[in-house]
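S.K.: The structure that follows is given in the form of structure tokens.
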Amino acid sequence: MIEVENLTKRYGEVAAVKGVSFTAQPGQVTGFLGPNGAGKTTTMRMLTGYMPPTSGSAKVAGFDVFDQSMQVRQRVGYLAESVPLYRDMTARGYLIYVGEIRGIRNVGRRADEVLDRVGLIDRAHSRIRTLSKGMRQRVGLAQALLHNPPVLILDEPTIGLDPYQVLELRSLVRDLGRDHTLLFSTHILSEAEQVCDKVVIINQGEITAQGSPAELRRDMARGGRILMRVEGDAETAAGIVRELPGVESAVVDPILDGGIVITPSGVNSDPRTAIAETIVGKGIKLVELRPLAVNLEEIFLEFTRQQAVNEIAAEADEKRKNDESDEESA
Amino acid sequence: MSVMTDQPHQSHVLSQDVKMGGSAPFWAVFKRELGLYFRSPVAYAIAFAMLFFLGVLFNGYLSQALNAQAGVIADAGYMPFLLTFLLFLIAPLLTMRLLAEEAREGTLEVLMTLPMHEGQFIIGKFLAAWAYYTVLLLLTLVHFFVLQSLGTPDLGQTFGAYLGAWLYGGAVIAVCMIWTAVTEDQIIAAFLSAATVLVLYLADVAALFITNTNPQLAEFVRELGLSAHYGSTMSAGIIRLEDILYFVFMIIGALFITTRIVETRRWRA
């Protein structure tokens, strides 16, 4: 169990994490999703006791990360983003070293067990420098599992792996999620959707949305924006849709590869039927018409780029109004 | 659930059986670091260079002493004294890697999320470097045995000289630990360490310059330096409590400072 409340980390003037709150439940994989530099690593470092928060609190396995750091550390397995390892040690030697620091007495057998768990037992006596990136990642994961912690925190565990290794690691993460509280970070949206029971979206140090992938999808669909694709000139189609009742705006969005993002005017209005009829009636071929956010990628863009998209929309509206007034004066 | 048998465990099933309560964390750190010294070619190069250098000087000393009267061959404190002088080179080489490398490689991040206080980690590293130095010091005993076969070195003086050289080494290594905690760059750590040790070594010379203008300050500076507590006292077999306390407090103080530096570096990271 991880409970984070209003957690903030400042570096001088700059706030890397601003008032973040979320929980991660046992038996679930919680995905921490955000672009690079969003504050994922900083948050995780605070949760593992590596650095203290500026303000706010966080409890891991029932212990406060600041006041009871040692108790937290005993109960957390942490895989750091860059997977720092001692290159001259063997995989097994490294695990034994970490295990001895942790005070595990049957450390040799535990090392063998976790190496077996991550599928690395046949390379137990290889020096870490000779191991591939994927294998090193697994050594790091074995280190996190060594003391059988109830909480696992994995910082971008799939970064730098080849596609096959990524698949392997994801299934391992899903597997581990069943009997751990597992928090893992990623900037890959499809990964979060595949692996996580719950997704926490963080951007510029703030949480923009959280929930299960299905919940997020539902939230976005309700009164949400609509994506339309047509064959031919998107601008013309957007112009037609704009004139319809119940439509607040219709903008061609370069992020979505020329799709038209339509914002309904009311929360409960669904102008899709009207749009479809009008577009088809004008002889334009309709390719796609659906709620905008149906996969995490779009949910993510919706939440993190809302501001940017709104700006673009406002700009377009402005331009349209100018055009209209020009026409009127002409 | 506990799996106490020797049966091979099932694949992909973790036994939940983790037995806690092993030895203190610093012991694991100490063992690893000491092992690294004895597996690294640098450590052997240091030992070789030291023995070679001391051997040449000892040879010169010996031939001089043999030409003089037999009674002169009694100073077994000469070799540990020379070794303490060489510490301005040896100690930085031994310590520069200890913390700088962990910081640069990022392994410090993992260690600092283990249930271990910074102090344990730093003490483990310090003790390993000191233990390696102890081995170097014991190697110089070979000269003592040569002296013993030729004359009668004073055992009390020899003991004092070796005890002093041992504490001296500990203090210098502890001071060098500060610099390896400050920077991620090993070369910078080594350079600053060597400079610091030289300054401490030459404090009594500096004191000479100001002894006429400000005798009290001069005395203070002299007492701060390493030489005042070894060269003229322990090295000659005079064991004074104040000298022992000087070295012990220097070790404790330097390790305390090192610990705080590592702490604050982590907090800023």
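Letters A, B, ... mark the chains of the structure tokens in the order given; residue numbers begin at 1 per chain; ligand numbers begin at 1, in order shown.
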Using only C-alpha atoms, I'd like a table of the residues in chain B that come within 6 Å of chain A; for each, show the closest atom pair and its distance in Å rounded to one decimal, ordered by chain and ascending number, as a Markdown table.
M.R.:
| residue | atom | partner | partner_atom | distance |
| --- | --- | --- | --- | --- |
| B:His12 | CA | A:Arg117 | CA | 5.0 |
| B:Lys19 | CA | A:Arg105 | CA | 5.4 |
| B:Met20 | CA | A:Ile104 | CA | 4.5 |
| B:Gly21 | CA | A:Gly103 | CA | 5.3 |
| B:Gly22 | CA | A:Gly103 | CA | 4.2 |
| B:Pro25 | CA | A:Ile101 | CA | 4.2 |
| B:Ala28 | CA | A:Glu100 | CA | 5.8 |
| B:Gly106 | CA | A:Pro84 | CA | 5.3 |
| B:Thr107 | CA | A:Pro84 | CA | 4.9 |
| B:Met112 | CA | A:Tyr50 | CA | 5.9 |
| B:Thr113 | CA | A:Tyr50 | CA | 5.4 |
| B:Leu114 | CA | A:Arg73 | CA | 5.6 |
| B:Pro115 | CA | A:Met70 | CA | 5.0 |
| B:Trp267 | CA | A:Met51 | CA | 5.1 |
S.K.: Tell me which protein, DNA and RNA residues are within 9 Å of B:Tyr132, counting only C-alpha atoms, leaving out same-chain ones fewer than 5 positions away, and put them as a PyMOL selection string.
M.R.: chain B and resi 34+37-38+43+94+127+137
S.K.: Take the selection from the previous step and output its residues with C-alpha atoms, as a PDB file, in the first residue's frame.
M.R.:
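The resulting result12.pdb:
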ATOM      1  CA  LEU B  34      38.731  -4.869   1.365  1.00  0.00           C
ATOM      2  CA  TYR B  37      41.730  -3.689  -2.644  1.00  0.00           C
ATOM      3  CA  PHE B  38      43.281  -7.099  -2.797  1.00  0.00           C
ATOM      4  CA  ALA B  43      46.757  -1.810  -4.494  1.00  0.00           C
ATOM      5  CA  LEU B  94      43.384   4.456  -1.587  1.00  0.00           C
ATOM      6  CA  LEU B 127      37.795   0.593   7.858  1.00  0.00           C
ATOM      7  CA  LEU B 137      52.446  -0.895   7.674  1.00  0.00           C
TER       8      LEU B 137
END
S.K.: Grab the atom CA of B:Asn212 to atom CA of B:Thr233 distance for me, in Å with one decimal place.
M.R.: 23.7 Å
S.K.: Within 9 Å of stretch 183-188 of chain B, counting only C-alpha atoms, which residues show up once you throw out same-chain ones fewer than 2 positions away? Write them as a ChimeraX atom specification, please.
M.R.: /B:95-104,179-181,190-193
S.K.: Check stretch 81-272 of chain A with DSSP on the backbone and list each residue it calls alpha helix (DSSP H), as an mmCIF file with N, CA and C atoms, in the first residue's frame.
M.R.:
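Ended up saving to part_23.cif:
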data_model
loop_
_atom_site.group_PDB
_atom_site.id
_atom_site.type_symbol
_atom_site.label_atom_id
_atom_site.label_comp_id
_atom_site.auth_asym_id
_atom_site.auth_seq_id
_atom_site.Cartn_x
_atom_site.Cartn_y
_atom_site.Cartn_z
ATOM 1 N N ALA A 91 26.532 -11.401 -10.860
ATOM 2 C CA ALA A 91 25.130 -11.125 -10.529
ATOM 3 C C ALA A 91 24.820 -11.639 -9.121
ATOM 4 N N ARG A 92 25.276 -12.838 -8.843
ATOM 5 C CA ARG A 92 24.994 -13.448 -7.538
ATOM 6 C C ARG A 92 25.752 -12.717 -6.431
ATOM 7 N N GLY A 93 27.008 -12.363 -6.723
ATOM 8 C CA GLY A 93 27.810 -11.642 -5.735
ATOM 9 C C GLY A 93 27.163 -10.325 -5.353
ATOM 10 N N TYR A 94 26.604 -9.638 -6.340
ATOM 11 C CA TYR A 94 25.943 -8.363 -6.081
ATOM 12 C C TYR A 94 24.726 -8.553 -5.179
ATOM 13 N N LEU A 95 23.945 -9.575 -5.493
ATOM 14 C CA LEU A 95 22.746 -9.822 -4.681
ATOM 15 C C LEU A 95 23.122 -10.178 -3.249
ATOM 16 N N ILE A 96 24.198 -10.941 -3.109
ATOM 17 C CA ILE A 96 24.631 -11.322 -1.763
ATOM 18 C C ILE A 96 25.094 -10.086 -0.994
ATOM 19 N N TYR A 97 25.789 -9.196 -1.704
ATOM 20 C CA TYR A 97 26.239 -7.950 -1.069
ATOM 21 C C TYR A 97 25.046 -7.143 -0.555
ATOM 22 N N VAL A 98 24.072 -6.921 -1.435
ATOM 23 C CA VAL A 98 22.880 -6.163 -1.034
ATOM 24 C C VAL A 98 22.145 -6.885 0.099
ATOM 25 N N GLY A 99 22.057 -8.210 -0.018
ATOM 26 C CA GLY A 99 21.365 -8.994 1.004
ATOM 27 C C GLY A 99 22.049 -8.901 2.358
ATOM 28 N N GLU A 100 23.373 -8.894 2.348
ATOM 29 C CA GLU A 100 24.100 -8.779 3.615
ATOM 30 C C GLU A 100 23.873 -7.409 4.247
ATOM 31 N N ILE A 101 23.862 -6.356 3.416
ATOM 32 C CA ILE A 101 23.570 -5.030 3.958
ATOM 33 C C ILE A 101 22.161 -5.011 4.551
ATOM 34 N N ARG A 102 21.245 -5.702 3.881
ATOM 35 C CA ARG A 102 19.875 -5.756 4.386
ATOM 36 C C ARG A 102 19.755 -6.640 5.622
ATOM 37 N N VAL A 107 21.150 -15.544 2.776
ATOM 38 C CA VAL A 107 21.220 -14.678 1.593
ATOM 39 C C VAL A 107 21.602 -15.443 0.328
ATOM 40 N N GLY A 108 22.437 -16.467 0.461
ATOM 41 C CA GLY A 108 22.846 -17.239 -0.706
ATOM 42 C C GLY A 108 21.659 -17.901 -1.370
ATOM 43 N N ARG A 109 20.799 -18.514 -0.558
ATOM 44 C CA ARG A 109 19.661 -19.199 -1.134
ATOM 45 C C ARG A 109 18.655 -18.209 -1.702
ATOM 46 N N ARG A 110 18.478 -17.082 -0.987
ATOM 47 C CA ARG A 110 17.571 -16.061 -1.503
ATOM 48 C C ARG A 110 18.063 -15.533 -2.855
ATOM 49 N N ALA A 111 19.370 -15.351 -2.969
ATOM 50 C CA ALA A 111 19.926 -14.863 -4.237
ATOM 51 C C ALA A 111 19.586 -15.833 -5.367
ATOM 52 N N ASP A 112 19.748 -17.123 -5.095
ATOM 53 C CA ASP A 112 19.424 -18.115 -6.119
ATOM 54 C C ASP A 112 17.942 -18.083 -6.471
ATOM 55 N N GLU A 113 17.112 -17.931 -5.442
ATOM 56 C CA GLU A 113 15.664 -17.902 -5.686
ATOM 57 C C GLU A 113 15.245 -16.749 -6.579
ATOM 58 N N VAL A 114 15.757 -15.550 -6.252
ATOM 59 C CA VAL A 114 15.303 -14.403 -7.061
ATOM 60 C C VAL A 114 15.931 -14.430 -8.452
ATOM 61 N N LEU A 115 17.147 -14.958 -8.561
ATOM 62 C CA LEU A 115 17.744 -15.092 -9.894
ATOM 63 C C LEU A 115 16.923 -16.054 -10.738
ATOM 64 N N ASP A 116 16.428 -17.079 -10.106
ATOM 65 C CA ASP A 116 15.569 -18.026 -10.791
ATOM 66 C C ASP A 116 14.266 -17.333 -11.197
ATOM 67 N N ARG A 117 13.737 -16.523 -10.299
ATOM 68 C CA ARG A 117 12.474 -15.822 -10.536
ATOM 69 C C ARG A 117 12.557 -14.912 -11.764
ATOM 70 N N LYS A 133 21.871 -5.474 -21.625
ATOM 71 C CA LYS A 133 21.037 -4.483 -20.946
ATOM 72 C C LYS A 133 19.806 -5.129 -20.287
ATOM 73 N N GLY A 134 19.188 -6.031 -21.027
ATOM 74 C CA GLY A 134 17.994 -6.696 -20.504
ATOM 75 C C GLY A 134 18.300 -7.534 -19.276
ATOM 76 N N MET A 135 19.453 -8.209 -19.327
ATOM 77 C CA MET A 135 19.844 -9.032 -18.180
ATOM 78 C C MET A 135 20.161 -8.167 -16.967
ATOM 79 N N ARG A 136 20.815 -7.036 -17.207
ATOM 80 C CA ARG A 136 21.126 -6.133 -16.097
ATOM 81 C C ARG A 136 19.848 -5.638 -15.440
ATOM 82 N N GLN A 137 18.867 -5.337 -16.309
ATOM 83 C CA GLN A 137 17.581 -4.897 -15.799
ATOM 84 C C GLN A 137 17.019 -5.963 -14.857
ATOM 85 N N ARG A 138 17.223 -7.199 -15.243
ATOM 86 C CA ARG A 138 16.685 -8.283 -14.424
ATOM 87 C C ARG A 138 17.488 -8.471 -13.146
ATOM 88 N N VAL A 139 18.792 -8.196 -13.208
ATOM 89 C CA VAL A 139 19.587 -8.224 -11.968
ATOM 90 C C VAL A 139 19.066 -7.167 -11.005
ATOM 91 N N GLY A 140 18.784 -5.987 -11.565
ATOM 92 C CA GLY A 140 18.231 -4.909 -10.745
ATOM 93 C C GLY A 140 16.894 -5.299 -10.134
ATOM 94 N N LEU A 141 16.086 -5.983 -10.923
ATOM 95 C CA LEU A 141 14.781 -6.429 -10.440
ATOM 96 C C LEU A 141 14.955 -7.501 -9.357
ATOM 97 N N ALA A 142 15.922 -8.388 -9.573
ATOM 98 C CA ALA A 142 16.207 -9.424 -8.566
ATOM 99 C C ALA A 142 16.606 -8.763 -7.251
ATOM 100 N N GLN A 143 17.398 -7.710 -7.352
ATOM 101 C CA GLN A 143 17.807 -6.957 -6.156
ATOM 102 C C GLN A 143 16.584 -6.392 -5.437
ATOM 103 N N ALA A 144 15.619 -5.911 -6.222
ATOM 104 C CA ALA A 144 14.414 -5.335 -5.616
ATOM 105 C C ALA A 144 13.556 -6.400 -4.938
ATOM 106 N N LEU A 145 13.650 -7.641 -5.437
ATOM 107 C CA LEU A 145 12.804 -8.720 -4.908
ATOM 108 C C LEU A 145 13.454 -9.459 -3.742
ATOM 109 N N PRO A 163 12.283 -5.235 -28.106
ATOM 110 C CA PRO A 163 10.841 -5.515 -28.017
ATOM 111 C C PRO A 163 10.526 -6.838 -27.316
ATOM 112 N N TYR A 164 11.339 -7.849 -27.570
ATOM 113 C CA TYR A 164 11.064 -9.136 -26.947
ATOM 114 C C TYR A 164 11.262 -9.054 -25.435
ATOM 115 N N GLN A 165 12.350 -8.404 -25.029
ATOM 116 C CA GLN A 165 12.624 -8.237 -23.601
ATOM 117 C C GLN A 165 11.542 -7.407 -22.919
ATOM 118 N N VAL A 166 11.040 -6.417 -23.661
ATOM 119 C CA VAL A 166 9.976 -5.574 -23.104
ATOM 120 C C VAL A 166 8.755 -6.425 -22.778
ATOM 121 N N LEU A 167 8.386 -7.300 -23.722
ATOM 122 C CA LEU A 167 7.228 -8.162 -23.498
ATOM 123 C C LEU A 167 7.435 -9.049 -22.285
ATOM 124 N N GLU A 168 8.634 -9.620 -22.195
ATOM 125 C CA GLU A 168 8.961 -10.484 -21.055
ATOM 126 C C GLU A 168 8.830 -9.737 -19.740
ATOM 127 N N LEU A 169 9.408 -8.537 -19.734
ATOM 128 C CA LEU A 169 9.415 -7.775 -18.492
ATOM 129 C C LEU A 169 7.998 -7.345 -18.097
ATOM 130 N N ARG A 170 7.197 -6.987 -19.100
ATOM 131 C CA ARG A 170 5.828 -6.589 -18.794
ATOM 132 C C ARG A 170 5.056 -7.735 -18.162
ATOM 133 N N SER A 171 5.254 -8.935 -18.691
ATOM 134 C CA SER A 171 4.503 -10.055 -18.122
ATOM 135 C C SER A 171 5.008 -10.350 -16.709
ATOM 136 N N LEU A 172 6.304 -10.137 -16.494
ATOM 137 C CA LEU A 172 6.845 -10.318 -15.151
ATOM 138 C C LEU A 172 6.241 -9.290 -14.186
ATOM 139 N N VAL A 173 6.122 -8.046 -14.659
ATOM 140 C CA VAL A 173 5.544 -6.984 -13.828
ATOM 141 C C VAL A 173 4.089 -7.307 -13.486
ATOM 142 N N ARG A 174 3.334 -7.739 -14.493
ATOM 143 C CA ARG A 174 1.929 -8.108 -14.254
ATOM 144 C C ARG A 174 1.836 -9.215 -13.203
ATOM 145 N N ASP A 175 2.736 -10.186 -13.378
ATOM 146 C CA ASP A 175 2.815 -11.327 -12.484
ATOM 147 C C ASP A 175 3.098 -10.887 -11.048
ATOM 148 N N LEU A 176 4.096 -10.027 -10.902
ATOM 149 C CA LEU A 176 4.494 -9.549 -9.578
ATOM 150 C C LEU A 176 3.394 -8.694 -8.950
ATOM 151 N N GLY A 177 2.626 -8.016 -9.791
ATOM 152 C CA GLY A 177 1.567 -7.138 -9.312
ATOM 153 C C GLY A 177 0.519 -7.884 -8.515
ATOM 154 N N LEU A 189 2.623 4.942 -23.390
ATOM 155 C CA LEU A 189 1.219 4.892 -23.022
ATOM 156 C C LEU A 189 0.627 3.515 -23.185
ATOM 157 N N SER A 190 0.956 2.854 -24.280
ATOM 158 C CA SER A 190 0.375 1.545 -24.526
ATOM 159 C C SER A 190 0.815 0.561 -23.437
ATOM 160 N N GLU A 191 2.022 0.798 -22.920
ATOM 161 C CA GLU A 191 2.535 -0.070 -21.868
ATOM 162 C C GLU A 191 1.669 0.051 -20.617
ATOM 163 N N ALA A 192 1.376 1.290 -20.244
ATOM 164 C CA ALA A 192 0.542 1.514 -19.066
ATOM 165 C C ALA A 192 -0.813 0.855 -19.266
ATOM 166 N N GLU A 193 -1.356 0.983 -20.463
ATOM 167 C CA GLU A 193 -2.670 0.403 -20.733
ATOM 168 C C GLU A 193 -2.646 -1.123 -20.634
ATOM 169 N N GLN A 194 -1.554 -1.713 -21.113
ATOM 170 C CA GLN A 194 -1.466 -3.174 -21.097
ATOM 171 C C GLN A 194 -1.243 -3.742 -19.706
ATOM 172 N N VAL A 195 -0.400 -3.051 -18.911
ATOM 173 C CA VAL A 195 0.107 -3.651 -17.690
ATOM 174 C C VAL A 195 -0.679 -3.235 -16.448
ATOM 175 N N PRO A 213 -7.644 2.243 -16.575
ATOM 176 C CA PRO A 213 -7.704 2.643 -17.990
ATOM 177 C C PRO A 213 -9.149 2.755 -18.470
ATOM 178 N N ALA A 214 -10.015 1.825 -18.015
ATOM 179 C CA ALA A 214 -11.425 1.849 -18.440
ATOM 180 C C ALA A 214 -12.125 3.091 -17.899
ATOM 181 N N GLU A 215 -11.864 3.421 -16.638
ATOM 182 C CA GLU A 215 -12.490 4.607 -16.029
ATOM 183 C C GLU A 215 -12.092 5.874 -16.771
ATOM 184 N N LEU A 216 -10.822 5.968 -17.047
ATOM 185 C CA LEU A 216 -10.335 7.162 -17.735
ATOM 186 C C LEU A 216 -11.010 7.296 -19.091
ATOM 187 N N ARG A 217 -11.154 6.161 -19.727
ATOM 188 C CA ARG A 217 -11.777 6.163 -21.048
ATOM 189 C C ARG A 217 -13.230 6.642 -20.944
ATOM 190 N N ARG A 218 -13.942 6.126 -19.925
ATOM 191 C CA ARG A 218 -15.342 6.486 -19.741
ATOM 192 C C ARG A 218 -15.462 7.984 -19.431
ATOM 193 N N ASP A 219 -14.619 8.467 -18.526
ATOM 194 C CA ASP A 219 -14.661 9.881 -18.160
ATOM 195 C C ASP A 219 -14.522 10.760 -19.387
ATOM 196 N N MET A 220 -13.632 10.331 -20.237
ATOM 197 C CA MET A 220 -13.350 11.162 -21.390
ATOM 198 C C MET A 220 -14.491 11.125 -22.387
ATOM 199 N N ALA A 221 -15.170 9.963 -22.478
ATOM 200 C CA ALA A 221 -16.222 9.817 -23.483
ATOM 201 C C ALA A 221 -17.427 10.671 -23.117
ATOM 202 N N ALA A 234 -9.864 18.266 -44.853
ATOM 203 C CA ALA A 234 -10.354 18.265 -43.477
ATOM 204 C C ALA A 234 -10.868 19.636 -43.064
ATOM 205 N N GLU A 235 -10.199 20.694 -43.555
ATOM 206 C CA GLU A 235 -10.595 22.054 -43.168
ATOM 207 C C GLU A 235 -12.033 22.361 -43.591
ATOM 208 N N THR A 236 -12.378 21.956 -44.813
ATOM 209 C CA THR A 236 -13.731 22.199 -45.324
ATOM 210 C C THR A 236 -14.760 21.506 -44.443
ATOM 211 N N ALA A 237 -14.457 20.219 -44.139
ATOM 212 C CA ALA A 237 -15.372 19.438 -43.313
ATOM 213 C C ALA A 237 -15.528 20.088 -41.947
ATOM 214 N N ALA A 238 -14.396 20.546 -41.400
ATOM 215 C CA ALA A 238 -14.438 21.190 -40.079
ATOM 216 C C ALA A 238 -15.316 22.431 -40.133
ATOM 217 N N GLY A 239 -15.220 23.157 -41.225
ATOM 218 C CA GLY A 239 -16.005 24.366 -41.390
ATOM 219 C C GLY A 239 -17.501 24.072 -41.409
ATOM 220 N N ILE A 240 -17.846 22.971 -42.054
ATOM 221 C CA ILE A 240 -19.274 22.590 -42.125
ATOM 222 C C ILE A 240 -19.787 22.215 -40.735
ATOM 223 N N VAL A 241 -18.979 21.403 -40.027
ATOM 224 C CA VAL A 241 -19.394 20.924 -38.701
ATOM 225 C C VAL A 241 -19.569 22.093 -37.743
ATOM 226 N N ARG A 242 -18.709 23.060 -37.853
ATOM 227 C CA ARG A 242 -18.725 24.216 -36.969
ATOM 228 C C ARG A 242 -20.096 24.924 -36.977
ATOM 229 N N ARG A 272 -23.264 13.643 -32.622
ATOM 230 C CA ARG A 272 -22.651 12.779 -33.628
ATOM 231 C C ARG A 272 -23.567 12.448 -34.804
#
S.K.: At what distance in Å, to one decimal, does atom CA of B:Gly35 lie from atom CA of B:Glu118?
M.R.: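 Computing the Euclidean distance for atom CA of B:Glu118 and atom CA of B:Gly35 yields 20.6 Å.
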S.K.: Quick one: residues within 12 Å of B:Leu147, only C-alpha atoms, excluding same-chain residues fewer than 5 positions away - as a PyMOL selection string?
M.R.: chain B and resi 58-59+61-63+65-66+70-79+140-142+152-155+158
S.K.: Using only N, CA and C atoms, please write the residues we just selected to a file, as a compact mmCIF listing (two decimals), in the first residue's frame.
M.R.:
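Result saved to selection.txt:
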# COMPACT_ATOMS: atom_id res chain seq x y z
N PHE B 58 66.14 2.43 3.15
CA PHE B 58 66.60 1.60 4.26
C PHE B 58 68.02 1.12 4.01
N ASN B 59 68.27 0.77 2.78
CA ASN B 59 69.60 0.31 2.39
C ASN B 59 70.64 1.40 2.66
N TYR B 61 70.32 3.95 4.67
CA TYR B 61 70.36 4.17 6.12
C TYR B 61 71.24 3.12 6.79
N LEU B 62 71.05 1.89 6.33
CA LEU B 62 71.75 0.76 6.94
C LEU B 62 73.26 0.85 6.72
N SER B 63 73.65 1.16 5.50
CA SER B 63 75.09 1.23 5.21
C SER B 63 75.75 2.36 5.98
N ALA B 65 74.63 3.49 8.88
CA ALA B 65 74.64 3.10 10.29
C ALA B 65 75.72 2.06 10.58
N LEU B 66 75.94 1.17 9.63
CA LEU B 66 76.95 0.12 9.82
C LEU B 66 78.35 0.71 9.86
N ALA B 70 77.96 0.64 16.36
CA ALA B 70 76.89 -0.35 16.34
C ALA B 70 75.65 0.14 17.05
N GLY B 71 75.80 0.96 18.04
CA GLY B 71 74.68 1.43 18.84
C GLY B 71 73.67 2.26 18.05
N VAL B 72 74.10 2.81 16.92
CA VAL B 72 73.22 3.66 16.12
C VAL B 72 72.08 2.85 15.52
N ILE B 73 72.37 1.60 15.23
CA ILE B 73 71.33 0.79 14.59
C ILE B 73 70.30 0.40 15.64
N ALA B 74 69.49 1.35 16.00
CA ALA B 74 68.47 1.03 16.98
C ALA B 74 67.15 1.64 16.58
N ASP B 75 67.18 2.51 15.57
CA ASP B 75 65.97 3.26 15.26
C ASP B 75 65.07 2.51 14.30
N ALA B 76 64.20 1.69 14.84
CA ALA B 76 63.24 0.97 14.01
C ALA B 76 62.03 1.85 13.68
N GLY B 77 62.02 3.06 14.23
CA GLY B 77 60.91 3.98 13.94
C GLY B 77 61.10 4.69 12.62
N TYR B 78 62.23 4.53 11.99
CA TYR B 78 62.54 5.23 10.75
C TYR B 78 61.58 4.84 9.63
N MET B 79 61.34 3.54 9.51
CA MET B 79 60.51 3.06 8.39
C MET B 79 59.04 3.49 8.53
N THR B 140 56.27 -3.23 6.48
CA THR B 140 57.54 -2.55 6.81
C THR B 140 58.23 -3.18 8.01
N LEU B 141 57.52 -4.06 8.69
CA LEU B 141 58.15 -4.77 9.82
C LEU B 141 59.35 -5.58 9.37
N VAL B 142 59.38 -5.87 8.06
CA VAL B 142 60.51 -6.65 7.54
C VAL B 142 61.83 -5.92 7.85
N THR B 152 70.16 -4.19 18.27
CA THR B 152 69.08 -4.35 19.23
C THR B 152 68.18 -3.11 19.22
N PRO B 153 67.18 -3.11 18.33
CA PRO B 153 66.26 -1.99 18.31
C PRO B 153 65.42 -1.96 19.60
N ASP B 154 65.13 -0.76 20.05
CA ASP B 154 64.34 -0.56 21.26
C ASP B 154 62.89 -0.98 20.99
N LEU B 155 62.43 -1.99 21.71
CA LEU B 155 61.08 -2.52 21.45
C LEU B 155 60.00 -1.51 21.79
N THR B 158 59.88 1.02 19.10
CA THR B 158 59.30 0.44 17.90
C THR B 158 57.79 0.37 18.03
S.K.: Please report, as a tab-separated table, each residue of stretch 149-198 of chain B lying at most 6 Å from stretch 236-256 of chain B, together with the nearest pair of atoms and the separation in Å rounded to one decimal; use only C-alpha atoms, and order rows by chain and ascending residue number.
M.R.:
residue	atom	partner	partner_atom	distance
B:Gln157	CA	B:Gly237	CA	3.7
B:Gly160	CA	B:Gly237	CA	4.5
B:Ala161	CA	B:Gly237	CA	5.8
B:Leu167	CA	B:Phe247	CA	5.9
B:Ala171	CA	B:Ile251	CA	4.8
B:Ala174	CA	B:Ile251	CA	5.4
B:Val175	CA	B:Ala254	CA	5.3
S.K.: Keeping only C-alpha atoms, take the residues you just selected and write them out as an mmCIF file, in the first residue's frame.
M.R.:
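Now in out_16.cif:
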data_model
loop_
_atom_site.group_PDB
_atom_site.id
_atom_site.type_symbol
_atom_site.label_atom_id
_atom_site.label_comp_id
_atom_site.auth_asym_id
_atom_site.auth_seq_id
_atom_site.Cartn_x
_atom_site.Cartn_y
_atom_site.Cartn_z
ATOM 1 C CA GLN B 157 60.185 2.813 20.711
ATOM 2 C CA GLY B 160 55.266 3.548 19.856
ATOM 3 C CA ALA B 161 56.395 4.311 16.321
ATOM 4 C CA LEU B 167 46.761 6.032 14.037
ATOM 5 C CA ALA B 171 43.482 10.017 10.546
ATOM 6 C CA ALA B 174 39.589 9.704 7.221
ATOM 7 C CA VAL B 175 40.475 13.231 6.081
#
S.K.: Write down as JSON, numbers by chain the residues of stretch 9-248 of chain A whose backbone DSSP state falls under strand (DSSP E).
M.R.: {"A": [9, 10, 11, 14, 15, 16, 17, 18, 19, 20, 21, 22, 23, 24, 28, 29, 30, 31, 32, 33, 55, 56, 57, 58, 59, 60, 63, 64, 76, 77, 78, 79, 151, 152, 153, 154, 155, 181, 182, 183, 184, 185, 186, 198, 199, 200, 201, 202, 203, 206, 207, 208, 209, 210, 211, 226, 227, 228, 229, 230, 247, 248]}
